[in-house]
file target29.cif (mmCIF, C-alpha atoms)
data_coords
loop_
_atom_site.label_atom_id
_atom_site.label_comp_id
_atom_site.auth_asym_id
_atom_site.auth_seq_id
_atom_site.Cartn_x
_atom_site.Cartn_y
_atom_site.Cartn_z
CA MET R 189 -17.93 -127.52 -143.95
CA PRO R 190 -17.93 -126.39 -140.28
CA GLU R 191 -14.84 -127.34 -138.26
CA THR R 192 -15.40 -129.85 -135.45
CA LEU R 193 -13.30 -131.14 -132.55
CA ARG R 194 -13.33 -134.72 -131.27
CA VAL R 195 -13.36 -135.04 -127.47
CA GLU R 196 -14.01 -137.76 -124.92
CA PHE R 197 -17.23 -136.85 -123.11
CA ARG R 198 -18.71 -139.11 -120.43
CA GLY R 199 -16.78 -142.11 -121.65
CA ARG R 200 -17.52 -141.81 -125.37
CA PRO R 201 -16.16 -139.72 -128.24
CA ILE R 202 -18.24 -136.83 -129.51
CA HIS R 203 -17.65 -134.13 -132.11
CA VAL R 204 -18.30 -130.53 -131.08
CA GLU R 205 -18.53 -127.47 -133.28
CA VAL R 206 -15.55 -125.10 -133.37
CA ILE R 207 -16.26 -121.38 -133.38
CA ASP R 208 -14.33 -118.11 -133.04
CA MET R 209 -14.78 -116.43 -129.65
CA PRO R 210 -13.52 -113.05 -128.45
CA VAL R 211 -10.56 -113.70 -126.17
CA ASP R 212 -11.77 -111.15 -123.63
CA GLU R 213 -15.21 -112.76 -123.27
CA LEU R 214 -13.92 -116.11 -121.98
CA TYR R 215 -13.08 -117.15 -118.42
CA TYR R 216 -10.12 -119.07 -117.10
CA ASN R 217 -11.12 -122.32 -115.44
CA PRO R 218 -10.62 -121.89 -111.65
CA ALA R 219 -10.50 -125.69 -111.31
CA THR R 220 -7.77 -126.22 -113.88
CA HIS R 221 -5.18 -128.77 -112.82
CA ARG R 222 -2.47 -126.65 -114.41
CA VAL R 223 -2.07 -124.18 -111.50
CA GLY R 224 -3.66 -126.03 -108.57
CA ALA R 225 -0.48 -126.12 -106.47
CA GLN R 226 0.53 -122.56 -107.36
CA ARG R 227 -2.67 -120.95 -106.09
CA ASP R 228 -1.21 -120.83 -102.56
CA TYR R 229 1.51 -118.48 -103.79
CA ASP R 230 -0.39 -115.30 -102.87
CA LEU R 231 -2.98 -115.94 -100.15
CA ALA R 232 -4.63 -112.53 -100.54
CA GLN R 233 -5.20 -113.06 -104.26
CA GLU R 234 -6.26 -116.65 -103.62
CA GLU R 235 -8.88 -115.38 -101.18
CA ALA R 236 -10.21 -113.01 -103.84
CA LEU R 237 -10.33 -115.90 -106.31
CA GLN R 238 -12.18 -118.12 -103.84
CA LYS R 239 -14.65 -115.35 -103.08
CA ASP R 240 -15.53 -114.81 -106.74
CA HIS R 241 -14.00 -117.01 -109.42
CA TRP R 242 -15.24 -114.75 -112.20
CA SER R 243 -14.22 -111.40 -110.77
CA GLU R 244 -11.55 -109.31 -112.46
CA ALA R 245 -9.25 -109.86 -109.46
CA GLY R 246 -9.71 -113.63 -109.45
CA GLN R 247 -9.29 -114.00 -113.22
CA SER R 248 -6.26 -111.72 -113.16
CA TYR R 249 -4.61 -113.99 -110.57
CA LEU R 250 -5.20 -117.07 -112.73
CA HIS R 251 -3.75 -115.18 -115.71
CA GLU R 252 -0.63 -114.40 -113.68
CA LEU R 253 -0.19 -118.01 -112.55
CA LEU R 254 -0.69 -119.44 -116.04
CA MET R 255 2.28 -117.40 -117.27
CA ALA R 256 4.48 -118.17 -114.26
CA LYS R 257 7.15 -120.76 -113.63
CA PRO R 258 5.58 -123.59 -111.56
CA SER R 259 8.44 -123.75 -109.06
CA ASP R 260 8.65 -119.96 -108.63
CA PRO R 261 5.64 -117.85 -109.69
CA ARG R 262 7.75 -114.70 -109.40
CA GLN R 263 9.41 -115.71 -112.68
CA ARG R 264 7.94 -116.09 -116.17
CA ASP R 265 7.85 -119.71 -117.37
CA PRO R 266 10.21 -120.31 -120.35
CA ASP R 267 7.68 -122.84 -121.71
CA PHE R 268 5.03 -120.12 -121.72
CA GLU R 269 7.35 -117.86 -123.69
CA LYS R 270 7.91 -120.65 -126.23
CA LEU R 271 4.15 -121.11 -126.57
CA LYS R 272 3.64 -117.39 -127.06
CA GLN R 273 6.35 -117.26 -129.72
CA SER R 274 4.81 -120.27 -131.50
CA LEU R 275 1.38 -118.63 -131.53
CA GLN R 276 2.88 -115.41 -132.84
CA GLU R 277 4.71 -117.17 -135.66
CA HIS R 278 2.26 -119.93 -136.61
CA GLN R 279 -1.04 -118.76 -135.09
CA GLN R 280 -3.36 -121.26 -133.39
CA ASN R 281 -2.97 -124.83 -134.70
CA GLU R 282 -5.50 -126.57 -132.48
CA PRO R 283 -8.74 -125.17 -131.06
CA GLY R 284 -9.33 -124.82 -127.36
CA LEU R 285 -12.49 -126.03 -125.62
CA ILE R 286 -15.11 -124.16 -123.60
CA SER R 287 -18.37 -124.76 -121.79
CA ARG R 288 -21.55 -123.01 -122.91
CA ASP R 289 -20.86 -120.45 -120.15
CA GLY R 290 -17.54 -119.50 -121.71
CA VAL R 291 -15.31 -121.31 -119.20
CA LEU R 292 -12.11 -122.64 -120.75
CA VAL R 293 -11.90 -126.41 -120.32
CA ASN R 294 -8.79 -126.65 -122.47
CA GLY R 295 -6.67 -123.79 -123.76
CA ASN R 296 -6.26 -121.71 -120.60
CA THR R 297 -2.56 -121.14 -121.24
CA ARG R 298 -3.16 -120.44 -124.93
CA ARG R 299 -5.71 -117.81 -124.02
CA ALA R 300 -3.20 -116.19 -121.65
CA ALA R 301 -0.60 -116.12 -124.45
CA LEU R 302 -3.09 -114.69 -126.96
CA LYS R 303 -4.08 -111.98 -124.47
CA GLU R 304 -0.42 -111.07 -124.05
CA LEU R 305 -0.06 -110.90 -127.83
CA GLY R 306 -3.13 -108.72 -128.19
CA VAL R 307 -4.94 -111.28 -130.41
CA THR R 308 -8.69 -110.61 -130.52
CA PHE R 309 -10.19 -114.06 -131.22
CA ILE R 310 -9.50 -117.67 -130.24
CA ARG R 311 -10.84 -120.83 -131.91
CA VAL R 312 -12.66 -123.09 -129.46
CA GLY R 313 -14.91 -126.12 -129.48
CA VAL R 314 -18.11 -125.84 -127.42
CA LEU R 315 -19.20 -128.64 -125.08
CA PRO R 316 -22.87 -129.65 -124.73
CA ALA R 317 -25.13 -127.56 -122.51
CA SER R 318 -25.42 -130.46 -120.03
CA CYS R 319 -21.67 -130.20 -119.21
CA SER R 320 -21.06 -130.25 -115.42
CA TRP R 321 -17.96 -129.39 -113.37
CA ASP R 322 -17.16 -133.11 -113.12
CA ASP R 323 -17.29 -133.24 -116.91
CA ILE R 324 -15.00 -130.21 -117.15
CA ARG R 325 -12.38 -131.86 -114.93
CA SER R 326 -12.55 -135.17 -116.79
CA VAL R 327 -12.42 -133.64 -120.26
CA GLU R 328 -9.49 -131.41 -119.29
CA LEU R 329 -7.52 -134.42 -118.07
CA SER R 330 -8.30 -136.52 -121.16
CA LEU R 331 -7.06 -133.72 -123.43
CA GLN R 332 -4.04 -132.61 -121.41
CA LEU R 333 -2.75 -136.15 -120.84
CA ARG R 334 -2.68 -137.17 -124.49
CA PRO R 335 0.77 -138.40 -125.58
CA ASP R 336 1.01 -135.53 -128.10
CA ARG R 337 0.38 -132.82 -125.51
CA ARG R 338 2.56 -129.73 -125.92
CA ARG R 339 2.97 -128.63 -122.36
CA GLU R 340 2.80 -131.12 -119.49
CA TYR R 341 1.31 -130.42 -116.10
CA SER R 342 3.94 -129.45 -113.59
CA TYR R 343 5.13 -132.20 -111.24
CA ILE R 344 3.01 -131.24 -108.23
CA ASN R 345 -0.10 -130.49 -110.29
CA ARG R 346 0.16 -133.90 -111.91
CA LEU R 347 0.33 -135.54 -108.46
CA MET R 348 -2.73 -133.55 -107.37
CA ALA R 349 -4.62 -134.55 -110.52
CA ILE R 350 -3.89 -138.22 -109.77
CA GLU R 351 -5.08 -137.75 -106.19
CA GLU R 352 -8.32 -136.19 -107.47
CA GLN R 353 -9.04 -139.24 -109.61
CA ILE R 354 -8.35 -141.59 -106.69
CA LYS R 355 -10.76 -139.63 -104.47
CA GLN R 356 -13.42 -139.98 -107.14
CA GLY R 357 -13.15 -143.76 -106.77
CA LEU R 358 -11.58 -144.54 -110.14
CA PRO R 359 -9.62 -147.85 -110.05
CA LEU R 360 -5.84 -147.53 -110.14
CA ALA R 361 -5.67 -149.45 -113.41
CA ALA R 362 -8.03 -146.95 -115.05
CA ILE R 363 -6.08 -143.99 -113.64
CA ALA R 364 -2.83 -145.51 -114.89
CA LYS R 365 -4.32 -145.76 -118.38
CA LEU R 366 -5.58 -142.17 -118.21
CA PHE R 367 -2.15 -140.84 -117.18
CA HIS R 368 -0.24 -143.14 -119.56
CA THR R 369 1.68 -144.73 -116.70
CA SER R 370 1.73 -147.93 -114.59
CA THR R 371 0.04 -148.94 -111.35
CA PRO R 372 3.38 -149.20 -109.43
CA THR R 373 4.22 -145.66 -110.58
CA LEU R 374 0.83 -144.44 -109.33
CA GLU R 375 1.50 -146.08 -105.96
CA ARG R 376 4.81 -144.25 -105.80
CA ASP R 377 3.21 -140.94 -106.78
CA THR R 378 0.49 -141.19 -104.12
CA TRP R 379 3.15 -142.01 -101.51
CA VAL R 380 5.19 -138.99 -102.59
CA LEU R 381 2.19 -136.65 -102.41
CA GLY R 382 1.43 -137.99 -98.93
CA GLN R 383 4.99 -137.19 -97.88
CA LEU R 384 4.74 -133.70 -99.37
CA ARG R 385 1.50 -132.92 -97.57
CA ASP R 386 3.04 -134.18 -94.34
CA LEU R 387 6.10 -131.95 -94.84
CA VAL R 388 3.86 -128.92 -95.39
CA LYS R 389 1.91 -129.73 -92.22
CA ARG R 390 5.06 -130.25 -90.17
CA SER R 391 6.49 -126.93 -91.35
CA GLU R 392 3.53 -124.93 -90.06
CA HIS R 393 4.21 -122.59 -87.14
CA SER R 394 3.44 -118.99 -86.17
CA GLY R 395 1.09 -118.60 -89.13
CA THR R 396 3.67 -119.64 -91.75
CA LYS R 397 4.24 -122.88 -93.62
CA LEU R 398 5.83 -124.27 -96.74
CA ARG R 399 3.75 -124.89 -99.85
CA LEU R 400 3.51 -127.91 -102.11
CA MET R 401 4.95 -125.84 -104.96
CA ASP R 402 8.16 -125.39 -102.92
CA PHE R 403 9.01 -129.00 -103.85
CA GLU R 404 8.31 -128.61 -107.57
CA ASP R 405 11.93 -129.28 -108.60
CA ALA R 406 12.42 -132.36 -106.41
CA GLN R 407 10.72 -134.95 -108.63
CA GLU R 408 13.72 -137.18 -109.28
CA ARG R 409 14.88 -137.00 -105.67
CA PHE R 410 11.49 -138.13 -104.37
CA ALA R 411 11.31 -140.94 -106.93
CA GLU R 412 14.68 -142.23 -105.74
CA LEU R 413 13.69 -141.74 -102.09
CA TYR R 414 10.65 -143.96 -102.63
CA ARG R 415 12.71 -146.75 -104.19
CA THR R 416 15.23 -146.65 -101.36
CA TYR R 417 12.62 -146.46 -98.61
CA VAL R 418 10.63 -149.44 -99.94
CA LYS R 419 13.78 -151.59 -100.08
CA GLU R 420 14.93 -150.60 -96.58
CA LYS R 421 11.46 -150.96 -95.10
CA ALA R 422 11.35 -154.60 -96.22
CA LYS R 423 14.46 -155.22 -94.11
CA ASP R 424 13.89 -152.98 -91.06
CA LYS R 425 11.05 -150.47 -90.81
CA GLU R 426 12.55 -148.42 -87.94
CA LYS R 427 15.84 -147.97 -89.74
CA ALA R 428 13.95 -147.17 -92.93
CA ASP R 429 11.94 -144.48 -91.11
CA THR R 430 15.14 -142.96 -89.72
CA LEU R 431 16.77 -142.99 -93.14
CA LEU R 432 13.63 -141.40 -94.59
CA GLU R 433 13.89 -138.42 -92.24
CA TYR R 434 17.54 -137.69 -93.01
CA ARG R 435 16.96 -137.95 -96.74
CA LEU R 436 13.88 -135.73 -96.47
CA ALA R 437 16.02 -133.17 -94.64
CA ALA R 438 18.59 -133.37 -97.44
CA ILE R 439 15.87 -132.74 -100.04
CA VAL R 440 14.63 -129.72 -98.09
CA LEU R 441 18.24 -128.46 -98.07
CA ASP R 442 18.28 -128.93 -101.86
CA VAL R 443 21.10 -131.47 -101.77
CA ALA R 444 21.79 -133.04 -105.19
CA LYS R 445 20.30 -136.46 -105.91
CA THR R 446 23.71 -138.07 -106.35
CA ASP R 447 24.86 -136.73 -102.97
CA ILE R 448 21.70 -137.88 -101.18
CA ARG R 449 22.55 -141.45 -102.20
CA VAL R 450 25.41 -141.58 -99.68
CA ILE R 451 22.98 -141.07 -96.77
CA HIS R 452 22.41 -144.51 -95.27
CA THR R 453 21.10 -145.80 -91.94
CA ASP R 454 24.45 -145.09 -90.25
CA PHE R 455 24.52 -141.47 -91.44
CA ARG R 456 23.97 -139.75 -88.10
CA GLU R 457 26.01 -142.12 -85.98
CA ASN R 458 29.09 -142.20 -88.22
CA TYR R 459 29.06 -138.79 -89.90
CA LEU R 460 26.47 -136.24 -88.76
CA ALA R 461 26.46 -136.56 -84.97
CA HIS R 462 29.85 -134.96 -84.26
CA ARG R 463 29.31 -132.26 -86.92
CA LEU R 464 25.89 -131.19 -85.71
CA PRO R 465 26.01 -128.20 -83.34
CA GLU R 466 23.48 -127.60 -80.60
CA GLY R 467 20.21 -126.17 -81.84
CA PRO R 468 16.41 -126.47 -81.81
CA TRP R 469 16.71 -129.86 -83.51
CA ASP R 470 17.91 -131.30 -80.18
CA VAL R 471 14.48 -130.72 -78.61
CA LEU R 472 11.89 -133.46 -79.15
CA GLN R 473 8.55 -131.67 -79.57
CA ASP R 474 6.57 -134.86 -78.98
CA PRO R 475 8.52 -137.56 -77.12
CA PRO R 476 7.72 -140.97 -78.65
CA LYS R 477 4.91 -142.83 -76.89
CA ALA R 478 3.55 -146.33 -77.31
CA ILE R 479 0.36 -146.40 -79.38
CA SER R 480 -2.67 -148.15 -77.88
CA ILE R 481 -4.86 -150.29 -80.15
CA PRO R 482 -8.55 -149.81 -79.18
CA GLY R 483 -10.41 -153.00 -78.29
CA LEU R 484 -7.35 -155.24 -78.25
CA ASN R 485 -5.79 -154.11 -74.96
CA ARG R 486 -2.46 -153.94 -76.77
CA THR R 487 0.06 -151.28 -77.63
CA VAL R 488 2.38 -150.79 -80.59
CA PRO R 489 5.93 -149.78 -79.66
CA ALA R 490 6.75 -146.13 -80.13
CA PRO R 491 9.23 -145.05 -82.80
CA SER R 492 12.84 -145.50 -81.74
CA SER R 493 14.66 -142.60 -80.13
CA GLU R 494 16.90 -142.43 -83.20
CA THR R 495 13.86 -142.00 -85.48
CA ALA R 496 12.42 -139.41 -83.11
CA LYS R 497 15.70 -137.45 -83.17
CA ALA R 498 15.80 -137.60 -86.95
CA ARG R 499 12.22 -136.38 -87.15
CA ALA R 500 12.95 -133.53 -84.73
CA LEU R 501 15.81 -132.40 -86.94
CA THR R 502 13.64 -132.45 -90.07
CA ASP R 503 10.81 -130.62 -88.27
CA SER R 504 13.18 -127.90 -87.10
CA LEU R 505 14.56 -127.49 -90.62
CA LEU R 506 11.06 -127.35 -92.13
CA ARG R 507 9.97 -124.59 -89.75
CA ALA R 508 13.15 -122.62 -90.44
CA LYS R 509 12.60 -122.93 -94.19
CA ALA R 510 8.99 -121.83 -93.79
CA THR R 511 10.18 -118.73 -91.90
CA GLN R 512 12.73 -117.95 -94.62
CA ARG R 513 10.05 -118.08 -97.31
CA SER R 514 7.53 -116.05 -95.30
CA GLY R 515 9.31 -112.77 -96.08
CA ALA R 516 7.85 -109.78 -94.29
CA ALA R 517 5.55 -112.00 -92.21
CA ALA R 518 8.48 -112.94 -89.95
CA THR R 519 10.10 -110.65 -87.42
CA PRO R 520 13.80 -109.75 -87.91
CA GLU R 521 14.66 -111.94 -84.91
CA GLU R 522 12.74 -114.92 -86.34
CA MET R 523 14.38 -114.48 -89.73
CA THR R 524 17.86 -114.27 -88.19
CA GLU R 525 17.30 -117.44 -86.18
CA ALA R 526 15.86 -119.27 -89.21
CA ASN R 527 18.82 -118.28 -91.40
CA ARG R 528 21.21 -119.39 -88.67
CA SER R 529 19.52 -122.79 -88.33
CA VAL R 530 19.46 -123.46 -92.06
CA SER R 531 23.08 -122.36 -92.45
CA LEU R 532 24.28 -124.62 -89.63
CA LEU R 533 22.37 -127.62 -90.95
CA GLU R 534 23.59 -127.01 -94.50
CA LYS R 535 27.19 -126.98 -93.28
CA ALA R 536 26.73 -130.10 -91.15
CA PHE R 537 25.04 -132.02 -93.99
CA ASP R 538 27.57 -130.92 -96.61
CA GLU R 539 30.53 -132.01 -94.48
CA SER R 540 28.83 -135.28 -93.46
CA ILE R 541 27.87 -136.14 -97.03
CA ASP R 542 31.43 -135.48 -98.21
CA ALA R 543 32.77 -137.77 -95.48
CA ALA R 544 30.21 -140.50 -96.20
CA GLY R 545 30.92 -140.34 -99.93
CA ASP R 546 34.65 -140.57 -99.35
CA ALA R 547 34.17 -143.61 -97.11
CA ILE R 548 32.02 -145.32 -99.73
CA ARG R 549 34.59 -144.70 -102.44
CA LYS R 550 37.33 -146.15 -100.28
CA ARG R 551 35.28 -149.31 -99.61
CA LYS R 552 34.87 -150.06 -103.29
CA LYS R 553 37.13 -152.92 -104.34
CA ARG R 554 35.66 -153.67 -107.76
CA LEU R 555 33.66 -152.01 -110.48
CA VAL R 556 29.88 -152.12 -110.17
CA ALA R 557 27.36 -151.59 -112.96
CA PRO R 558 27.33 -147.74 -112.91
CA ASP R 559 31.15 -147.69 -112.96
CA ARG R 560 31.23 -149.93 -116.00
CA VAL R 561 28.80 -147.64 -117.81
CA ILE R 562 31.02 -144.66 -116.97
CA ALA R 563 34.04 -146.54 -118.33
CA ALA R 564 32.10 -147.31 -121.53
CA VAL R 565 31.14 -143.64 -121.85
CA ASP R 566 34.82 -142.67 -121.58
CA ASP R 567 35.63 -145.09 -124.41
CA LEU R 568 32.82 -143.72 -126.57
CA GLN R 569 34.02 -140.18 -126.01
CA GLN R 570 37.46 -141.24 -127.16
CA CYS R 571 35.79 -142.85 -130.17
CA VAL R 572 34.37 -139.45 -131.12
CA THR R 573 37.89 -138.04 -131.11
CA ASP R 574 39.16 -140.99 -133.18
CA LEU R 575 36.44 -140.41 -135.78
CA VAL R 576 37.47 -136.78 -136.14
CA LEU R 577 41.09 -137.84 -136.68
CA ALA R 578 40.11 -140.61 -139.11
CA ARG R 579 38.05 -138.17 -141.16
CA GLY R 580 41.08 -135.94 -141.47
CA ASN R 581 43.33 -138.66 -142.98
CA ASN R 582 40.55 -140.76 -144.58
CA SER R 583 41.55 -143.86 -142.59
CA LEU R 584 38.17 -145.04 -141.25
CA ASP R 585 37.15 -148.63 -142.06
CA GLU R 586 33.45 -147.88 -142.53
CA GLY R 587 32.35 -151.52 -142.83
CA ALA R 588 34.06 -152.55 -139.61
CA PHE R 589 32.70 -149.49 -137.83
CA ASP R 590 29.17 -150.27 -138.97
CA ASP R 591 29.49 -153.87 -137.75
CA THR R 592 30.58 -152.70 -134.30
CA LEU R 593 27.58 -150.35 -134.12
CA ILE R 594 25.27 -153.32 -134.67
CA VAL R 595 27.00 -155.15 -131.82
CA LEU R 596 26.60 -152.01 -129.68
CA ARG R 597 22.88 -151.89 -130.48
CA GLN R 598 22.43 -155.56 -129.52
CA THR R 599 24.38 -155.05 -126.31
CA LEU R 600 22.31 -152.00 -125.35
CA ALA R 601 19.14 -154.03 -125.94
CA LYS R 602 20.43 -156.72 -123.54
CA LEU R 603 21.45 -154.06 -121.02
CA SER R 604 17.96 -152.53 -121.21
CA ALA R 605 16.29 -155.90 -120.67
CA GLU R 606 18.41 -156.82 -117.64
CA ALA R 607 18.13 -153.36 -116.10
CA SER R 608 14.34 -153.44 -116.56
CA ARG R 609 14.19 -156.75 -114.68
CA SER R 610 16.22 -155.28 -111.82
CA ILE R 611 14.57 -151.85 -111.58
CA GLN R 612 10.80 -151.73 -111.14
CA LEU R 613 10.41 -147.95 -111.38
CA PRO R 614 12.81 -146.67 -114.05
CA GLY R 615 14.32 -143.20 -113.84
CA LYS R 616 14.99 -140.90 -116.78
CA GLY R 617 18.16 -142.75 -117.81
CA LEU R 618 16.63 -146.22 -118.05
CA SER R 619 13.47 -144.80 -119.64
CA TRP R 620 15.65 -143.28 -122.36
CA LEU R 621 17.50 -146.56 -122.89
CA ARG R 622 14.26 -148.54 -123.18
CA GLU R 623 12.92 -146.13 -125.79
CA ALA R 624 16.21 -146.13 -127.69
CA VAL R 625 16.21 -149.93 -128.10
CA ALA R 626 12.46 -150.42 -128.37
CA ASP R 627 12.72 -151.60 -131.99
CA GLN R 628 15.02 -154.46 -130.90
CA ARG R 629 12.27 -156.26 -128.99
#
call {"tool": "encode", "arguments": {"input": "target29.cif", "output": "structure tokens"}}
result
Amino acid sequence: MPETLRVEFRGRPIHVEVIDMPVDELYYNPATHRVGAQRDYDLAQEEALQKDHWSEAGQSYLHELLMAKPSDPRQRDPDFEKLKQSLQEHQQNEPGLISRDGVLVNGNTRRAALKELGVTFIRVGVLPASCSWDDIRSVELSLQLRPDRRREYSYINRLMAIEEQIKQGLPLAAIAKLFHTSTPTLERDTWVLGQLRDLVKRSEHSGTKLRLMDFEDAQERFAELYRTYVKEKAKDKEKADTLLEYRLAAIVLDVAKTDIRVIHTDFRENYLAHRLPEGPWDVLQDPPKAISIPGLNRTVPAPSSETAKARALTDSLLRAKATQRSGAAATPEEMTEANRSVSLLEKAFDESIDAAGDAIRKRKKRLVAPDRVIAAVDDLQQCVTDLVLARGNNSLDEGAFDDTLIVLRQTLAKLSAEASRSIQLPGKGLSWLREAVADQR
């Protein structure tokens, strides 16, 4: 009996025939969401790809990106190497999917791995002849976003895929279902992508700019930035905007998430101001002006001078970072000045963050929730040692130990419930806890 593959096509499930196709006769999908952000890595090759998607040069560039690490295309992606090893050891478990023209809708990375392995054929399902480019995009998403997917989209490419669905007019609730997430999480992700695009735009100067992929490893830091900004904005928008700029600057400087947390609205006044040397960040490119509202004969106050100063600092840092990443495109003088600016700002932020963190620690007079968790972790680590010792002298009361584990499980379930009520957008830690105690609900 011929093999078939079930796919969602135009809102309904269909079964398509699976056939063997020569690997070399298929085309990578130029619209794949998997490497959308990485295509800016090499502008010359991107131009060749745009000029002719099916040319040897364009397809070769896609092949290179599919094997590359999303945050740094100069390096091979460890996940790609794992896929290649799996295909070598176990062959192809699931078929890919192509259009009648031989364009890979699903299985682009598998084809790249098979090419590297020298495998001649690939199993693929074939979509109906009426398949359009909109169908290709939709089918790719429905397959790649299944809970059992092997290799997730990179952070930035996932954000761009969400944006694409929003532009197509799909309701947020439907997009949330497609991406196996929630509407509040989608709102956060669209805000983050807006910030990223703004950072790229602000970094542009002298023909150079940062790229979205430069922020590939900042997912957790942007998620925390969103939570903090929303809370502060509800209290004071101007202070929230100022805080946003300093935390954005810290992310650009690759400051750790735990260190960024000590940056509050008083950061510049109390810690950064006297550590910040003179530099281009002291020059306001666009002095704040009141904004006129057409037809109402009214104006909205301009951003505060403090927000404008914070924005000028972030802009200066962004341009310096863009110069650093431009390589040979920058003159030696420009590169020297950029390195100097980044180095000075790194030093100022590091010292200011250390001072702010020390001040926060000194203000603490009682344990808060994270401290109590840390204390519990210390006790559990000691418990591991005690178990090793008890095993050596056969002194463990197994019944009592089992009873305490049940109490621990019940307590973790309560902790998960209360934390979930307090935190609307859970991070990795709370997500793990919720999954761990899911059977207690």
call {"tool": "closest_residue", "arguments": {"input": "target29.cif", "among": "R:Lys445, R:Lys427, R:Arg528, R:Arg264", "to": "Pro468 (chain R)", "atoms": "all atoms listed in the file"}}
result
R:Arg528
call {"tool": "atom_distance", "arguments": {"input": "target29.cif", "atom1": "CA of Leu460 (chain R)", "atom2": "CA of Phe537 (chain R)"}}
result
6.9 Å
call {"tool": "resolve_selection", "arguments": {"input": "target29.cif", "expression": "the PyMOL selection byres ((chain R and resi 276-285) around 8)", "output": "MDAnalysis selection string"}}
result
chainID R and resid 193 206 272:275 286:287 292:295 298 305 310:315
call {"tool": "residues_around", "arguments": {"input": "target29.cif", "residues": "Glu213 (chain R)", "least_positions_apart": "5", "cutoff": "12 Å", "atoms": "only C-alpha atoms", "output": "PyMOL selection string"}}
result
chain R and resi 208+242+244+247+286+289-292+299+303+308-310
call {"tool": "closest_residue", "arguments": {"input": "target29.cif", "among": "R:Ala536, R:Val440, R:Leu584, R:Ala361", "to": "Arg507 (chain R)", "atoms": "only C-alpha atoms"}}
result
R:Val440
call {"tool": "resolve_selection", "arguments": {"input": "target29.cif", "expression": "the PyMOL selection byres ((chain R and resi 410-423) around 10)", "output": "count of residues only"}}
result
38
call {"tool": "closest_residue", "arguments": {"input": "target29.cif", "among": "R:Glu340, R:Leu374, R:Val561, R:Gln238", "to": "Ile354 (chain R)", "atoms": "only C-alpha atoms"}}
result
R:Leu374
call {"tool": "atom_distance", "arguments": {"input": "target29.cif", "atom1": "CA of Gly515 (chain R)", "atom2": "CA of Tyr229 (chain R)"}}
result
12.4 Å
call {"tool": "residues_around", "arguments": {"input": "target29.cif", "residues": "region 194-205 of chain R", "least_positions_apart": "3", "cutoff": "8 Å", "atoms": "only C-alpha atoms", "output": "PyMOL selection string"}}
result
chain R and resi 190-191+313-316+323+327+330-331
call {"tool": "resolve_selection", "arguments": {"input": "target29.cif", "expression": "the PyMOL selection byres ((chain R and resi 223) around 8)", "output": "mmCIF file with C-alpha atoms, keeping the file's coordinate frame"}}
result
data_model
loop_
_atom_site.group_PDB
_atom_site.id
_atom_site.type_symbol
_atom_site.label_atom_id
_atom_site.label_comp_id
_atom_site.auth_asym_id
_atom_site.auth_seq_id
_atom_site.Cartn_x
_atom_site.Cartn_y
_atom_site.Cartn_z
ATOM 1 C CA THR R 220 -7.770 -126.220 -113.880
ATOM 2 C CA HIS R 221 -5.180 -128.770 -112.820
ATOM 3 C CA ARG R 222 -2.470 -126.650 -114.410
ATOM 4 C CA GLY R 224 -3.660 -126.030 -108.570
ATOM 5 C CA ALA R 225 -0.480 -126.120 -106.470
ATOM 6 C CA GLN R 226 0.530 -122.560 -107.360
ATOM 7 C CA ARG R 227 -2.670 -120.950 -106.090
ATOM 8 C CA LEU R 250 -5.200 -117.070 -112.730
ATOM 9 C CA LEU R 253 -0.190 -118.010 -112.550
ATOM 10 C CA LEU R 254 -0.690 -119.440 -116.040
ATOM 11 C CA PRO R 258 5.580 -123.590 -111.560
ATOM 12 C CA ASN R 345 -0.100 -130.490 -110.290
#
call {"tool": "build_atoms", "arguments": {"input": "target29.cif", "residues": "region 501-506 of chain R", "atoms": "N, CA, C and O atoms", "output": "compact mmCIF listing (two decimals), keeping the file's coordinate frame"}}
result
# COMPACT_ATOMS: atom_id res chain seq x y z
N LEU R 501 14.92 -133.19 -86.10
CA LEU R 501 15.81 -132.40 -86.94
C LEU R 501 15.08 -131.92 -88.19
O LEU R 501 15.17 -130.74 -88.56
N THR R 502 14.36 -132.83 -88.85
CA THR R 502 13.64 -132.45 -90.07
C THR R 502 12.56 -131.42 -89.76
O THR R 502 12.38 -130.46 -90.51
N ASP R 503 11.85 -131.59 -88.65
CA ASP R 503 10.81 -130.62 -88.27
C ASP R 503 11.41 -129.23 -88.05
O ASP R 503 10.85 -128.23 -88.51
N SER R 504 12.53 -129.18 -87.36
CA SER R 504 13.18 -127.90 -87.10
C SER R 504 13.61 -127.23 -88.40
O SER R 504 13.42 -126.03 -88.59
N LEU R 505 14.14 -128.02 -89.32
CA LEU R 505 14.56 -127.49 -90.62
C LEU R 505 13.35 -126.98 -91.41
O LEU R 505 13.40 -125.91 -92.02
N LEU R 506 12.27 -127.75 -91.40
CA LEU R 506 11.06 -127.35 -92.13
C LEU R 506 10.52 -126.02 -91.63
O LEU R 506 10.14 -125.15 -92.41
